[in-house]
Amino acid sequence: MGLAQEAGRVAAEFEYSDAQVNKAVKEFIRQMDEGLEKSGTTMSQIPTYVTAVPNGTEKGLYMAVDLGGTNFRVCSIDLHGNSTFSLTQSKVAIPRELMVAQTSKELFSFLAKQIATFLQTHHGEHYHATIRRRATIHSESGFEEREIFNLGFTFSFPVEQVGINKGKLIRWTKGFDIADAVGKDVCKLLQDEIDALHLPVRVAALVNDTVGTLMARSYTSPGKTGTLLGAIFGTGTNGAYVEKLDKVKKLNGAENSANVDRTTGEMIINTEWGSFDNELSVLPNTPYDNSLDKETPNPGIQMFEKRISGMFLGEILRLAIVDLIKERKTGLFSDDNSSSNDVHSTTCVAENSPLWQPWGLDTSFLSIAHGDNSNGFKVTRQTLDKDYGVHAASSEDAEAVKLIAAAIGKRAARLSAVAIAAVVIATDKLSAPKDIATADDTPVNEDEMVDIGVDGSLVEFYPGFEDYIREALQQIEGIGKHGEKRIRIGIAKDGSGVGAALIALVADKLA
Ligand code: ADP
C-alpha cells in the first residue's frame, strides 16, 4: 500500500461512529447517576457544597489565591455587577525547599506573607486603615465584617471536601511532599497563618478549578438563566455542573450533610469525568491508545482523559507516526539518499529527534497540522523540520501526518460531545420549556439557551474543535439538530481568579 492509503487506514482506526457516540452517552449518564448514589464509583461526582451560580449582577471586592504547581497567584477581583470585573494579580514562584518542607507551617506562612504583601501593595489604604483601627481599639477579636476580604482558595491537589471552606488533603502531587499536611484541612492551615499576621482576610471557599470555570462563565455569560456546565479541555479534562440536590443521594445521612445549604435545592457537582469508563465498555480503543496507556504511571485509569486531553493527544499521534515509520515500511519520512538497513538512518528523522522519545510530540502540533492549508503543507513541514528534527519531509509525508492528526483531534471532540450531551440530557435541560417547537429549523430564543462554559488550549486553539462537537451533538438522541442549536458554548477564562472570587461571594452570602 502507498503512504496515502496507509495513513487513511490509520486515520480510520480513530473513527467514532454516531452509534458508538450514542451508546457512550447512555453509559455516561448511567455512571453519573451511580456516582451520585454512592462513593467509590468510576466517576467520582464530588459534591462541592457550592449551591448557587452567579447571574452577572453580583458586586463587591473579593480575593482569590491559587496554589496549583510551580506558582502561587494572589488576586483581588472587583465585580462590577454588570457581568464585568477588574482583576489585579501578582504571581510568585514557590521556593523548591518549601514544597518539601518539614512542616506545613513553613509553606502556609509563606503563602500568608504573599497575601500580606499583595494587600500592602494593591490595597494599602484599606490594609493600613484596618490595621490602625485594630491597634486603637486593642481588639484581639479582629475586624469588622465589612472590612474583611472573603477569599476563594483554588488548591489543585486531591482533597476530600467536607464543606464549602473545608477540605482534607488526601495526598500531595506535582513535586510537593510535606507529610504533616496530609489529612489536615488546608483552608484552616492557610487561615491560621493569615490570622497570625492579623490580616483582614477570611478563607471563605475551597475551590476546584473546574467549578471556578463554571462560576466565571455564569457571571460573564449573556442571558440570565445561569450556566449549566463548566468544562475543561486543556492538559486534562473535567467538568462541573449544576445538579438537583435531591439527586445527590450520597449526601443524605452523610457525616457532612449538616454542612449543606439547602435553600436553592441545587449543588454544583465536580464530575471528575476524566475517569469515565475506565473499563473501556464504550470508549474507542486502538493499538496506539493501548501503547500510550502502558507508558503512563496510572495504566487503566483516566481512560476518557487519555483519549481527549492535551497531555495525551500528541503522544497518540507520535505512536502512530513511529509505527508507520518503523513497522510498515510505508515510506513515511523516508530518506531517498540512504541505502542503510537501520531504521534511524533510512529516515529523514534525526537520531536525536523528539519523535523517538515518549511524550516528545506536543499536542499543539496537532493543531498546526490539522489547520495547515498552505501550499504543499509547508507550515507542517517547517514545524517538523524546526521542532522535530525531520529534515526533508515531503508534502505527501505532511499530508499523511495531517490526516492522522485530524482523525485523533476529531475523535477527541466527539468524545467531548459525549460528556456535554450526557450532562444536558441527565439534567433534563432541553425538555423545558415544554411548549416550544422543536423542528430542526425553529429559531431559538435567548431564554431557551443552555449555557456551557469551556476552557483549555484544546477547545480554544484546535481548529474546528467546537464544530466537531456540534456535529456529534446533532446526531445524539435527546439532543438532535434543534437541541444542538439551543446549546451555547462560550470560553470561560480565569476560573481560578474571578471564578474563585465568585465562590467566595456565594459562600459569604450563605454563611
Ligand atoms: P492547563 O489545562 O494546564 O491549565 P492549557 O489549557 O493551556 O493549560 O492546556 C495545556 C495543554 O494544551 C498542553 O497539554 C498542551 O500540549 C496543549 N496545547 C497547547 N497549545 C495547544 C494548541 N495550540 N492546540 C492544541 N493543544 C495545545
# chains A, B, ... in the order shown; residues from 1 in each chain; ligands from 1
$ residues_near_ligand --ligand "ligand 1" --cutoff "7 Å" --atoms "only C-alpha atoms and all ligand atoms" --output "list of chain:residue names"
A:Phe233, A:Gly234, A:Thr235, A:Gly236, A:Ser309, A:Gly310, A:Met311, A:Asp362, A:Thr363, A:Ser364, A:Phe365, A:Leu366, A:Ser367, A:Asp455, A:Gly456, A:Ser457, A:Leu458, A:Phe461, A:Tyr462
$ residues_around --residues "stretch 288-294 of chain A" --least-positions-apart "5" --cutoff "7 Å" --atoms "only C-alpha atoms" --output "NGL selection string"
:A and (299-300 or 316 or 319-320)
$ closest_residue --among "A:Arg470, A:Lys402, A:Arg171, A:Lys105" --to "A:Leu317" --atoms "only C-alpha atoms"
A:Lys402
$ closest_residue --among "A:Lys326, A:His122, A:Lys485, A:Lys249" --to "A:Met32" --atoms "only C-alpha atoms"
A:Lys249
$ residues_around --residues "stretch 439-454 of chain A" --least-positions-apart "3" --cutoff "9 Å" --atoms "only C-alpha atoms" --output "ChimeraX atom specification"
/A:213-218,221-233,239,420,424,429-430,432-433,436,459-460,480-483,485-493
$ residues_around --residues "stretch 267-274 of chain A" --least-positions-apart "2" --cutoff "6 Å" --atoms "only C-alpha atoms" --output "PyMOL selection string"
chain A and resi 43-48+50-51+237-243+245+276+302+304-305
$ closest_residue --among "A:Gly409, A:Gly478, A:Gly371, A:Gly314" --to "A:Pro463" --atoms "only C-alpha atoms"
A:Gly371
